[in-house]
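Engineer: So I've got this file, input21.pdb, and it contains PDB, C-alpha atoms:
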```pdb
ATOM      1  CA  MET A  22     -31.408  84.520 -13.725
ATOM      2  CA  ALA A  23     -29.782  82.618 -10.870
ATOM      3  CA  ALA A  24     -26.842  80.390 -11.812
ATOM      4  CA  GLY A  25     -28.673  77.296 -10.581
ATOM      5  CA  ASN A  26     -31.518  78.006 -13.031
ATOM      6  CA  ASP A  27     -29.260  78.779 -15.973
ATOM      7  CA  PRO A  28     -28.698  75.677 -18.137
ATOM      8  CA  GLY A  29     -25.542  77.337 -19.439
ATOM      9  CA  ALA A  30     -24.033  77.017 -15.964
ATOM     10  CA  LEU A  31     -24.546  73.228 -15.866
ATOM     11  CA  PRO A  32     -22.343  70.543 -17.491
ATOM     12  CA  MET A  33     -23.420  69.371 -20.943
ATOM     13  CA  GLU A  34     -21.696  65.991 -20.664
ATOM     14  CA  ARG A  35     -21.927  63.307 -18.030
ATOM     15  CA  GLU A  36     -20.494  59.832 -17.487
ATOM     16  CA  LEU A  37     -21.859  57.400 -14.928
ATOM     17  CA  THR A  38     -21.068  53.882 -13.686
ATOM     18  CA  LEU A  39     -23.442  51.963 -11.405
ATOM     19  CA  THR A  40     -23.130  48.423 -10.030
ATOM     20  CA  ARG A  41     -25.848  46.277  -8.433
ATOM     21  CA  VAL A  42     -26.303  42.674  -7.325
ATOM     22  CA  PHE A  43     -29.745  41.250  -8.119
ATOM     23  CA  ASP A  44     -31.360  38.185  -6.553
ATOM     24  CA  ALA A  45     -32.014  36.563  -9.929
ATOM     25  CA  PRO A  46     -29.923  34.458 -12.353
ATOM     26  CA  ARG A  47     -27.872  36.187 -15.034
ATOM     27  CA  GLU A  48     -29.825  34.646 -17.922
ATOM     28  CA  LEU A  49     -33.061  36.056 -16.499
ATOM     29  CA  VAL A  50     -31.706  39.569 -15.968
ATOM     30  CA  PHE A  51     -30.320  39.585 -19.522
ATOM     31  CA  LYS A  52     -33.695  38.365 -20.796
ATOM     32  CA  VAL A  53     -35.727  41.105 -19.107
ATOM     33  CA  TRP A  54     -33.360  43.745 -20.536
ATOM     34  CA  THR A  55     -33.676  42.479 -24.111
ATOM     35  CA  GLU A  56     -37.343  41.471 -24.497
ATOM     36  CA  ALA A  57     -39.936  44.211 -24.946
ATOM     37  CA  GLU A  58     -42.690  42.563 -22.881
ATOM     38  CA  HIS A  59     -40.387  42.604 -19.843
ATOM     39  CA  LEU A  60     -38.424  45.801 -20.464
ATOM     40  CA  ALA A  61     -41.648  47.822 -20.611
ATOM     41  CA  ARG A  62     -42.582  46.684 -17.100
ATOM     42  CA  TRP A  63     -39.571  48.079 -15.273
ATOM     43  CA  TRP A  64     -37.918  50.708 -17.454
ATOM     44  CA  GLY A  65     -37.753  54.290 -16.178
ATOM     45  CA  PRO A  66     -37.723  56.143 -12.854
ATOM     46  CA  ASP A  67     -40.401  55.756 -10.189
ATOM     47  CA  MET A  68     -43.935  56.728 -11.250
ATOM     48  CA  PHE A  69     -43.134  56.446 -14.985
ATOM     49  CA  THR A  70     -44.577  53.906 -17.401
ATOM     50  CA  THR A  71     -43.328  52.753 -20.813
ATOM     51  CA  PRO A  72     -46.378  52.391 -23.085
ATOM     52  CA  VAL A  73     -44.243  52.010 -26.228
ATOM     53  CA  CYS A  74     -41.353  49.545 -26.230
ATOM     54  CA  ARG A  75     -39.663  47.903 -29.206
ATOM     55  CA  VAL A  76     -36.471  45.866 -28.879
ATOM     56  CA  ASP A  77     -34.504  44.058 -31.584
ATOM     57  CA  ALA A  78     -31.587  42.722 -29.526
ATOM     58  CA  ARG A  79     -29.046  41.915 -32.241
ATOM     59  CA  VAL A  80     -26.089  43.852 -33.623
ATOM     60  CA  GLY A  81     -27.607  46.601 -35.743
ATOM     61  CA  GLY A  82     -31.055  46.048 -34.233
ATOM     62  CA  GLU A  83     -33.047  49.055 -33.033
ATOM     63  CA  LEU A  84     -34.319  50.025 -29.596
ATOM     64  CA  TYR A  85     -37.258  52.438 -29.267
ATOM     65  CA  LEU A  86     -38.931  53.452 -25.983
ATOM     66  CA  VAL A  87     -41.459  56.067 -24.945
ATOM     67  CA  MET A  88     -41.653  56.854 -21.217
ATOM     68  CA  ARG A  89     -44.765  58.561 -19.832
ATOM     69  CA  SER A  90     -44.966  60.546 -16.593
ATOM     70  CA  LEU A  91     -47.963  60.634 -14.239
ATOM     71  CA  GLN A  92     -48.885  63.988 -15.823
ATOM     72  CA  GLY A  93     -49.002  62.354 -19.261
ATOM     73  CA  ASP A  94     -45.787  63.896 -20.638
ATOM     74  CA  GLU A  95     -43.965  61.561 -23.025
ATOM     75  CA  TYR A  96     -40.221  61.108 -23.480
ATOM     76  CA  PRO A  97     -39.157  59.091 -26.551
ATOM     77  CA  MET A  98     -35.718  57.501 -26.889
ATOM     78  CA  LYS A  99     -34.115  55.504 -29.709
ATOM     79  CA  GLY A 100     -30.896  53.565 -30.082
ATOM     80  CA  VAL A 101     -29.027  50.867 -31.974
ATOM     81  CA  PHE A 102     -27.375  47.761 -30.516
ATOM     82  CA  LEU A 103     -23.617  47.743 -31.156
ATOM     83  CA  GLU A 104     -22.771  44.585 -29.184
ATOM     84  CA  VAL A 105     -24.961  41.703 -28.023
ATOM     85  CA  VAL A 106     -23.149  38.906 -26.168
ATOM     86  CA  ARG A 107     -25.694  36.644 -24.484
ATOM     87  CA  PRO A 108     -25.940  36.643 -21.505
ATOM     88  CA  GLU A 109     -22.867  38.732 -20.712
ATOM     89  CA  ARG A 110     -22.861  42.142 -22.355
ATOM     90  CA  LEU A 111     -24.941  44.775 -24.152
ATOM     91  CA  VAL A 112     -23.719  47.965 -25.824
ATOM     92  CA  TYR A 113     -26.182  50.333 -27.472
ATOM     93  CA  THR A 114     -26.529  53.970 -28.428
ATOM     94  CA  ASN A 115     -29.279  55.959 -26.748
ATOM     95  CA  ILE A 116     -30.731  59.193 -28.051
ATOM     96  CA  PRO A 117     -33.497  60.976 -26.070
ATOM     97  CA  MET A 118     -35.686  63.059 -28.372
ATOM     98  CA  ASP A 119     -38.465  65.617 -28.267
ATOM     99  CA  ALA A 120     -41.913  65.019 -29.771
ATOM    100  CA  ALA A 121     -40.678  66.177 -33.177
ATOM    101  CA  GLY A 122     -37.782  63.705 -33.182
ATOM    102  CA  ASN A 123     -35.064  66.285 -32.520
ATOM    103  CA  HIS A 124     -32.088  64.927 -30.576
ATOM    104  CA  LEU A 125     -31.906  66.289 -27.018
ATOM    105  CA  MET A 126     -28.897  64.192 -26.029
ATOM    106  CA  GLU A 127     -26.695  61.537 -27.603
ATOM    107  CA  GLY A 128     -24.704  58.813 -25.899
ATOM    108  CA  SER A 129     -24.078  55.131 -25.371
ATOM    109  CA  THR A 130     -24.651  52.589 -22.630
ATOM    110  CA  THR A 131     -22.733  49.420 -21.783
ATOM    111  CA  VAL A 132     -24.360  46.804 -19.552
ATOM    112  CA  SER A 133     -22.319  43.898 -18.126
ATOM    113  CA  PHE A 134     -23.960  40.819 -16.585
ATOM    114  CA  GLU A 135     -21.800  38.626 -14.307
ATOM    115  CA  ASP A 136     -22.819  35.458 -12.529
ATOM    116  CA  HIS A 137     -22.573  36.011  -8.770
ATOM    117  CA  GLY A 138     -23.284  32.658  -7.134
ATOM    118  CA  GLY A 139     -26.652  32.274  -8.810
ATOM    119  CA  LYS A 140     -27.359  35.977  -8.523
ATOM    120  CA  THR A 141     -26.366  38.679 -11.003
ATOM    121  CA  ARG A 142     -23.758  41.385 -10.611
ATOM    122  CA  LEU A 143     -24.790  44.066 -13.082
ATOM    123  CA  THR A 144     -22.687  47.070 -14.104
ATOM    124  CA  VAL A 145     -24.076  49.948 -16.157
ATOM    125  CA  HIS A 146     -21.716  52.462 -17.740
ATOM    126  CA  THR A 147     -23.355  55.293 -19.642
ATOM    127  CA  LYS A 148     -22.054  58.498 -21.181
ATOM    128  CA  MET A 149     -24.296  61.261 -22.514
ATOM    129  CA  THR A 150     -23.748  64.603 -24.230
ATOM    130  CA  GLY A 151     -26.399  67.324 -24.371
ATOM    131  CA  LYS A 152     -27.357  68.750 -27.742
ATOM    132  CA  VAL A 153     -29.710  71.519 -26.586
ATOM    133  CA  PRO A 154     -29.467  73.842 -23.549
ATOM    134  CA  GLN A 155     -32.381  72.147 -21.753
ATOM    135  CA  ALA A 156     -30.485  68.846 -21.801
ATOM    136  CA  ALA A 157     -28.346  70.153 -18.947
ATOM    137  CA  TYR A 158     -31.278  69.591 -16.567
ATOM    138  CA  MET A 159     -31.738  66.033 -17.851
ATOM    139  CA  LEU A 160     -28.056  65.308 -17.294
ATOM    140  CA  ALA A 161     -28.292  66.659 -13.739
ATOM    141  CA  GLY A 162     -31.018  64.080 -12.986
ATOM    142  CA  MET A 163     -29.301  61.193 -14.731
ATOM    143  CA  LYS A 164     -27.949  59.465 -11.611
ATOM    144  CA  PRO A 165     -31.170  59.401  -9.547
ATOM    145  CA  GLY A 166     -33.094  58.377 -12.670
ATOM    146  CA  TRP A 167     -30.805  55.410 -13.300
ATOM    147  CA  ASN A 168     -30.824  54.436  -9.607
ATOM    148  CA  GLN A 169     -34.620  54.302  -9.542
ATOM    149  CA  THR A 170     -34.688  52.391 -12.816
ATOM    150  CA  LEU A 171     -32.271  49.773 -11.485
ATOM    151  CA  ASP A 172     -34.335  49.504  -8.299
ATOM    152  CA  ARG A 173     -37.322  48.621 -10.454
ATOM    153  CA  LEU A 174     -35.282  46.150 -12.493
ATOM    154  CA  GLY A 175     -34.037  44.406  -9.352
ATOM    155  CA  ASN A 176     -37.531  44.067  -7.890
ATOM    156  CA  TYR A 177     -38.997  42.906 -11.193
ATOM    157  CA  ALA A 178     -36.291  40.300 -11.876
ATOM    158  CA  ALA A 179     -36.437  38.998  -8.303
ATOM    159  CA  GLY A 180     -40.208  38.733  -8.569
ATOM    160  CA  LEU A 181     -39.933  36.729 -11.770
ATOM    161  CA  ALA A 182     -37.321  34.415 -10.286
ATOM    162  CA  TRP A 183     -39.595  33.869  -7.288
ATOM    163  CA  THR A 184     -42.782  33.422  -9.336
ATOM    164  CA  ASP A 185     -42.274  30.041 -10.938
ATOM    165  CA  GLU A 186     -38.880  28.475 -11.373
ATOM    166  CA  THR A 187     -40.354  25.618 -13.415
ATOM    167  CA  THR A 188     -41.340  27.901 -16.318
ATOM    168  CA  THR A 189     -39.020  29.926 -18.507
ATOM    169  CA  PHE A 190     -38.014  32.335 -15.748
ATOM    170  CA  GLY A 191     -41.596  32.655 -14.531
ATOM    171  CA  ARG A 192     -42.610  34.773 -17.504
ATOM    172  CA  ILE A 193     -45.037  37.572 -16.616
ATOM    173  CA  SER A 194     -46.685  38.665 -19.848
ATOM    174  CA  GLY A 195     -50.036  40.082 -20.849
ATOM    175  CA  MET A 196     -48.275  42.599 -23.114
ATOM    176  CA  ASN A 197     -47.977  40.687 -26.403
ATOM    177  CA  ALA A 198     -50.114  41.721 -29.339
ATOM    178  CA  THR A 199     -50.897  38.040 -29.951
ATOM    179  CA  LYS A 200     -52.540  35.965 -27.272
ATOM    180  CA  GLN A 201     -50.388  33.495 -25.371
ATOM    181  CA  PRO A 202     -51.482  30.685 -23.059
ATOM    182  CA  GLN A 203     -51.889  31.990 -19.537
ATOM    183  CA  THR A 204     -49.632  30.435 -16.921
ATOM    184  CA  SER A 205     -49.580  30.892 -13.150
ATOM    185  CA  ALA A 206     -46.871  33.501 -13.689
ATOM    186  CA  ASP A 207     -49.215  35.542 -15.925
ATOM    187  CA  ARG A 208     -51.513  36.033 -12.953
ATOM    188  CA  VAL A 209     -49.061  37.801 -10.663
ATOM    189  CA  LEU A 210     -49.065  41.540  -9.952
ATOM    190  CA  ILE A 211     -45.869  43.254  -8.771
ATOM    191  CA  LEU A 212     -45.656  46.939  -7.808
ATOM    192  CA  THR A 213     -42.801  48.845  -6.173
ATOM    193  CA  ARG A 214     -42.663  52.236  -4.502
ATOM    194  CA  ILE A 215     -40.229  54.230  -2.361
ATOM    195  CA  PHE A 216     -41.800  56.134   0.558
ATOM    196  CA  ASP A 217     -40.223  58.985   2.495
ATOM    197  CA  ALA A 218     -40.874  57.321   5.838
ATOM    198  CA  PRO A 219     -39.160  54.645   7.984
ATOM    199  CA  ALA A 220     -40.076  51.005   7.418
ATOM    200  CA  GLU A 221     -41.471  50.638  10.950
ATOM    201  CA  LEU A 222     -44.018  53.386  10.265
ATOM    202  CA  VAL A 223     -45.001  51.969   6.869
ATOM    203  CA  TYR A 224     -45.538  48.591   8.530
ATOM    204  CA  ARG A 225     -47.723  50.153  11.223
ATOM    205  CA  VAL A 226     -50.025  52.015   8.837
ATOM    206  CA  TRP A 227     -50.434  48.797   6.811
ATOM    207  CA  THR A 228     -51.545  46.724   9.809
ATOM    208  CA  ASP A 229     -53.384  49.172  12.096
ATOM    209  CA  PRO A 230     -57.117  49.455  11.208
ATOM    210  CA  GLU A 231     -57.161  53.098  12.330
ATOM    211  CA  HIS A 232     -54.585  53.927   9.662
ATOM    212  CA  ILE A 233     -55.957  51.498   7.060
ATOM    213  CA  ARG A 234     -59.220  53.444   6.964
ATOM    214  CA  GLU A 235     -57.314  56.525   5.793
ATOM    215  CA  TRP A 236     -55.717  55.150   2.643
ATOM    216  CA  LEU A 237     -56.477  51.534   1.650
ATOM    217  CA  CYS A 238     -59.051  52.268  -1.071
ATOM    218  CA  PRO A 239     -59.095  54.035  -4.452
ATOM    219  CA  ARG A 240     -59.739  57.785  -4.623
ATOM    220  CA  GLY A 241     -63.366  58.707  -4.040
ATOM    221  CA  PHE A 242     -63.983  55.562  -2.008
ATOM    222  CA  THR A 243     -64.065  55.380   1.802
ATOM    223  CA  ILE A 244     -63.555  52.652   4.398
ATOM    224  CA  PRO A 245     -66.250  53.083   7.081
ATOM    225  CA  LYS A 246     -65.176  49.924   8.892
ATOM    226  CA  SER A 247     -61.927  47.966   9.207
ATOM    227  CA  GLU A 248     -60.988  45.381  11.790
ATOM    228  CA  GLY A 249     -58.358  42.728  12.231
ATOM    229  CA  GLU A 250     -56.251  40.599  14.549
ATOM    230  CA  GLN A 251     -52.583  41.407  13.969
ATOM    231  CA  ARG A 252     -51.232  37.882  14.447
ATOM    232  CA  ILE A 253     -50.394  34.944  12.210
ATOM    233  CA  GLY A 254     -53.704  33.222  11.523
ATOM    234  CA  GLY A 255     -55.608  36.311  12.602
ATOM    235  CA  ARG A 256     -58.516  37.438  10.442
ATOM    236  CA  TRP A 257     -59.035  40.888   8.954
ATOM    237  CA  ARG A 258     -62.122  42.382   7.313
ATOM    238  CA  SER A 259     -62.841  45.765   5.736
ATOM    239  CA  CYS A 260     -65.829  47.511   4.203
ATOM    240  CA  MET A 261     -65.094  49.657   1.141
ATOM    241  CA  ARG A 262     -67.822  52.153   0.189
ATOM    242  CA  THR A 263     -67.986  53.256  -3.446
ATOM    243  CA  THR A 264     -68.786  56.746  -4.733
ATOM    244  CA  ASP A 265     -72.360  55.479  -5.302
ATOM    245  CA  GLY A 266     -72.688  54.432  -1.664
ATOM    246  CA  VAL A 267     -72.412  50.698  -2.314
ATOM    247  CA  ASP A 268     -70.627  48.728   0.414
ATOM    248  CA  LEU A 269     -68.103  46.142  -0.767
ATOM    249  CA  TRP A 270     -66.610  43.762   1.783
ATOM    250  CA  LEU A 271     -63.231  42.075   1.566
ATOM    251  CA  SER A 272     -61.476  39.822   4.041
ATOM    252  CA  GLY A 273     -58.620  37.438   4.625
ATOM    253  CA  VAL A 274     -56.153  35.881   7.033
ATOM    254  CA  TYR A 275     -52.655  37.038   7.994
ATOM    255  CA  ARG A 276     -49.977  34.537   6.974
ATOM    256  CA  GLU A 277     -46.796  36.412   7.954
ATOM    257  CA  LEU A 278     -46.151  39.453  10.147
ATOM    258  CA  VAL A 279     -42.553  40.590  10.539
ATOM    259  CA  PRO A 280     -42.565  44.101  12.051
ATOM    260  CA  GLY A 281     -40.823  46.609   9.818
ATOM    261  CA  LYS A 282     -40.107  44.000   7.124
ATOM    262  CA  LYS A 283     -42.997  41.920   5.828
ATOM    263  CA  VAL A 284     -46.779  41.490   5.771
ATOM    264  CA  SER A 285     -48.499  38.607   3.959
ATOM    265  CA  PHE A 286     -52.212  37.852   3.902
ATOM    266  CA  THR A 287     -54.969  36.222   1.863
ATOM    267  CA  HIS A 288     -57.438  38.520   0.098
ATOM    268  CA  ALA A 289     -60.954  37.874  -1.228
ATOM    269  CA  TRP A 290     -64.060  39.906  -2.043
ATOM    270  CA  GLU A 291     -67.333  38.890  -0.409
ATOM    271  CA  GLU A 292     -70.704  38.627  -2.137
ATOM    272  CA  ASP A 293     -73.981  37.473  -0.612
ATOM    273  CA  GLY A 294     -72.110  36.413   2.505
ATOM    274  CA  LYS A 295     -69.694  34.194   0.580
ATOM    275  CA  ARG A 296     -66.017  34.796  -0.115
ATOM    276  CA  GLY A 297     -64.989  34.809  -3.740
ATOM    277  CA  HIS A 298     -61.712  33.873  -5.402
ATOM    278  CA  GLU A 299     -58.774  34.164  -3.010
ATOM    279  CA  THR A 300     -55.429  35.738  -3.832
ATOM    280  CA  VAL A 301     -52.321  36.182  -1.701
ATOM    281  CA  VAL A 302     -50.751  39.593  -1.072
ATOM    282  CA  THR A 303     -47.184  39.917   0.187
ATOM    283  CA  ILE A 304     -45.667  43.251   1.171
ATOM    284  CA  THR A 305     -41.910  43.448   1.705
ATOM    285  CA  LEU A 306     -40.269  46.525   3.197
ATOM    286  CA  GLU A 307     -36.617  47.515   2.878
ATOM    287  CA  ASP A 308     -34.951  50.385   4.722
ATOM    288  CA  ILE A 309     -33.014  52.767   2.462
ATOM    289  CA  GLN A 310     -31.335  55.384   4.657
ATOM    290  CA  GLY A 311     -34.524  56.239   6.516
ATOM    291  CA  LYS A 312     -36.832  55.767   3.545
ATOM    292  CA  THR A 313     -38.681  52.575   2.627
ATOM    293  CA  ARG A 314     -38.678  50.579  -0.580
ATOM    294  CA  LEU A 315     -41.939  48.646  -0.748
ATOM    295  CA  MET A 316     -42.666  45.741  -3.070
ATOM    296  CA  LEU A 317     -46.240  44.519  -3.366
ATOM    297  CA  ARG A 318     -46.797  41.085  -4.867
ATOM    298  CA  GLN A 319     -50.298  39.703  -5.388
ATOM    299  CA  GLU A 320     -50.609  36.239  -6.896
ATOM    300  CA  SER A 321     -53.132  33.585  -7.931
ATOM    301  CA  PHE A 322     -55.466  35.866  -9.886
ATOM    302  CA  GLU A 323     -58.125  34.123 -11.951
ATOM    303  CA  SER A 324     -57.015  35.932 -15.118
ATOM    304  CA  VAL A 325     -54.650  38.525 -16.540
ATOM    305  CA  GLU A 326     -57.624  40.910 -16.816
ATOM    306  CA  SER A 327     -58.322  40.579 -13.099
ATOM    307  CA  ARG A 328     -54.639  41.195 -12.332
ATOM    308  CA  ASP A 329     -54.522  44.337 -14.452
ATOM    309  CA  GLY A 330     -57.753  45.652 -12.910
ATOM    310  CA  HIS A 331     -56.307  45.326  -9.420
ATOM    311  CA  GLY A 332     -53.108  47.056 -10.552
ATOM    312  CA  GLY A 333     -54.895  50.368 -11.136
ATOM    313  CA  GLY A 334     -56.648  50.208  -7.761
ATOM    314  CA  TRP A 335     -53.449  49.393  -5.906
ATOM    315  CA  GLY A 336     -51.694  52.264  -7.678
ATOM    316  CA  GLU A 337     -54.207  54.753  -6.269
ATOM    317  CA  CYS A 338     -53.987  53.157  -2.827
ATOM    318  CA  LEU A 339     -50.207  53.526  -2.780
ATOM    319  CA  ASP A 340     -50.529  57.168  -3.830
ATOM    320  CA  LYS A 341     -52.857  57.735  -0.874
ATOM    321  CA  LEU A 342     -50.480  55.814   1.394
ATOM    322  CA  ALA A 343     -47.673  58.206   0.465
ATOM    323  CA  GLU A 344     -49.921  61.178   1.279
ATOM    324  CA  HIS A 345     -51.000  59.671   4.606
ATOM    325  CA  LEU A 346     -47.392  58.968   5.588
ATOM    326  CA  ALA A 347     -46.474  62.560   4.785
ATOM    327  CA  GLU A 348     -49.263  63.774   7.056
ATOM    328  CA  ILE A 349     -48.324  61.667  10.092
ATOM    329  CA  SER A 350     -44.510  61.615   9.779
TER     330      SER A 350
END
```
Will you turn the file into structure tokens for me?
Structural biologist:
Amino acid sequence: MAAGNDPGALPMERELTLTRVFDAPRELVFKVWTEAEHLARWWGPDMFTTPVCRVDARVGGELYLVMRSLQGDEYPMKGVFLEVVRPERLVYTNIPMDAAGNHLMEGSTTVSFEDHGGKTRLTVHTKMTGKVPQAAYMLAGMKPGWNQTLDRLGNYAAGLAWTDETTTFGRISGMNATKQPQTSADRVLILTRIFDAPAELVYRVWTDPEHIREWLCPRGFTIPKSEGEQRIGGRWRSCMRTTDGVDLWLSGVYRELVPGKKVSFTHAWEEDGKRGHETVVTITLEDIQGKTRLMLRQESFESVESRDGHGGGWGECLDKLAEHLAEIS
């Protein structure tokens, strides 16, 4: 066995400190780290979800998370809060486990929240020790995993801060077991992805009809026709054909076009020649050493159910976008 594939040749302990500045107030960032309905929406590396999330943010309170990969593999983790100083500091143990509850690693994490002129300077210090040989591989991926997780946190918190400053931090919910009154913030969809392509190219394939036909529809669907005027106030219109051969038309108007940085447009489905409920889609692009961090924000849905339905479709579209970019890069 090669040394690189031998867990015995890898360190079984790792310590890591990461610092970020987020475009959101400290109280909000603390809130989304300590409330389950928010934590579940951003926790974990890219392409992971957190279907199980329980948080009791008080000294002695428990934390329990289950991350799920695209392949359906689940990764449970538990912990106990040792310090809770609102909105300044969190200290908790974290213990990744296997499906049987056996400890794979044991460690602790300290999170500091500092006010930074209305923004938040966040510092994460975490130390982990492997308890089984396979944990060495998990420790080797600890830094990129945390970096991607903090990317998601930053985008999520910024999106909340932007959503509705007149509500309690623009709460985006839809995850409580009990029903809550729906606010404008409940009807906002936010997705983030990192693509292995420059921002200028991502911008081009999002605005050029020739490229749009290749990826902007769920799997199994096609786009036989797409047209648009790439200018502010310009109209766009696309035909999406379902697996049953039914043609669905959608259209809108471009609001903002900043090459390599931003695309914003209205979006509505058409039926019997009439446009239905209109939403607004905003795509922001950020260069990260030749790659692109994309944040998609769609707002003004009629309901939480409509928002969640669009989320699945957009997820497949972004998967196809990544594949298309790989083909043409």
Engineer: Determine the nearest neighbour of Arg252 in chain A from the options A:Ser272, A:Thr71, A:Ser285, A:Gln92, counting only C-alpha atoms.
Structural biologist: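 So, comparing all the options, the nearest one is A:Ser285.
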Engineer: At what distance in Å, to one decimal, does CA of Gly254 in chain A lie from CA of Val274 in chain A?
Structural biologist: 5.8 Å
Engineer: Looking at A:Asp265, A:Glu221, A:Glu127, A:Glu56, which one is nearest to Ala78 in chain A, with distances taken over all atoms listed in the file?
Structural biologist: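 Using all atoms listed in the file, the shortest distance to Ala78 in chain A belongs to A:Glu56.
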Engineer: Please determine, counting all atoms listed in the file, which residue among A:Gly336, A:Ala182, A:Leu222, A:Leu317 has the shortest atom-to-atom distance to Gly139 in chain A.
Structural biologist: A:Ala182
Engineer: Nearest residue to Val223 in chain A out of A:Thr150, A:Thr303, A:Ser350, A:Thr144, using all atoms listed in the file?
Structural biologist: A:Ser350
Engineer: For a quick check of understanding, using only C-alpha atoms, which of A:Glu109, A:Glu277, A:Asp229, A:Asp67 has the smallest distance to Pro165 in chain A?
Structural biologist: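 Of A:Glu109, A:Glu277, A:Asp229, A:Asp67, the one nearest Pro165 in chain A, counting only C-alpha atoms, is A:Asp67.
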Engineer: I'd like the neighbourhood of Arg214 in chain A as an MDAnalysis selection string, where a residue qualifies if any of its atoms comes within 12 Å (using only C-alpha atoms), though same-chain residues fewer than 6 positions away should be ignored.
Structural biologist: chainID A and resid 63 66:69 169:170 172:173 176 223 304:307 309 312:318 335:340 342:343
Engineer: Excluding Thr287 in chain A and any residue of its chain fewer than 2 positions from it, enumerate the residues within 12 Å of it, using only C-alpha atoms, and give them as a VMD selection string.
Structural biologist: chain A and resid 253 to 258 271 to 277 284 to 285 289 to 290 296 to 304 318 to 322
Engineer: With only C-alpha atoms as the atoms that count, which of A:Leu181, A:Leu111, A:Leu278, A:Cys238 lies nearest to Thr264 in chain A?
Structural biologist: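 Of A:Leu181, A:Leu111, A:Leu278, A:Cys238, the one nearest Thr264 in chain A, counting only C-alpha atoms, is A:Cys238.
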Engineer: Residues within 9 Å of Asp136 in chain A, please, as a list in words. Count all atoms listed in the file; anything in the same chain fewer than 3 positions from it doesn't count.
Structural biologist: Pro46, Arg47, Glu48, Glu109, Gly139, Lys140, Thr141, Arg142 and Leu143 of chain A
Engineer: Apply the PyMOL selection byres ((chain A and resi 217) around 8) to the displayed file and report the matching residues as JSON, numbers by chain.
Structural biologist: {"A": [215, 216, 218, 219, 311, 312, 313, 343, 346, 347]}
Engineer: Write out as a list in words the residues lying within 9 Å of Val53 in chain A, counting only C-alpha atoms and excluding same-chain residues fewer than 4 positions away.
Structural biologist: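 These residues fall inside the cut-off: Glu48, Leu49, Ala57, Glu58, His59, Leu60, Trp63, Leu174, Tyr177 and Ala178 of chain A.
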Engineer: May I have the selected residues written with C-alpha atoms, as a short mmCIF file (atom, residue, chain, number, x, y, z; two decimals), in the frame of the given file?
Structural biologist:
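Output file out17.cif is given in full below:
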```
data_model
loop_
_atom_site.label_atom_id
_atom_site.label_comp_id
_atom_site.auth_asym_id
_atom_site.auth_seq_id
_atom_site.Cartn_x
_atom_site.Cartn_y
_atom_site.Cartn_z
CA GLU A 48 -29.82 34.65 -17.92
CA LEU A 49 -33.06 36.06 -16.50
CA ALA A 57 -39.94 44.21 -24.95
CA GLU A 58 -42.69 42.56 -22.88
CA HIS A 59 -40.39 42.60 -19.84
CA LEU A 60 -38.42 45.80 -20.46
CA TRP A 63 -39.57 48.08 -15.27
CA LEU A 174 -35.28 46.15 -12.49
CA TYR A 177 -39.00 42.91 -11.19
CA ALA A 178 -36.29 40.30 -11.88
#
```
Engineer: Work out how far CA of Pro230 in chain A is from CA of Glu344 in chain A, in Å to one decimal.
Structural biologist: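 Value for the CA of Glu344 in chain A-CA of Pro230 in chain A distance: 17.0 Å.
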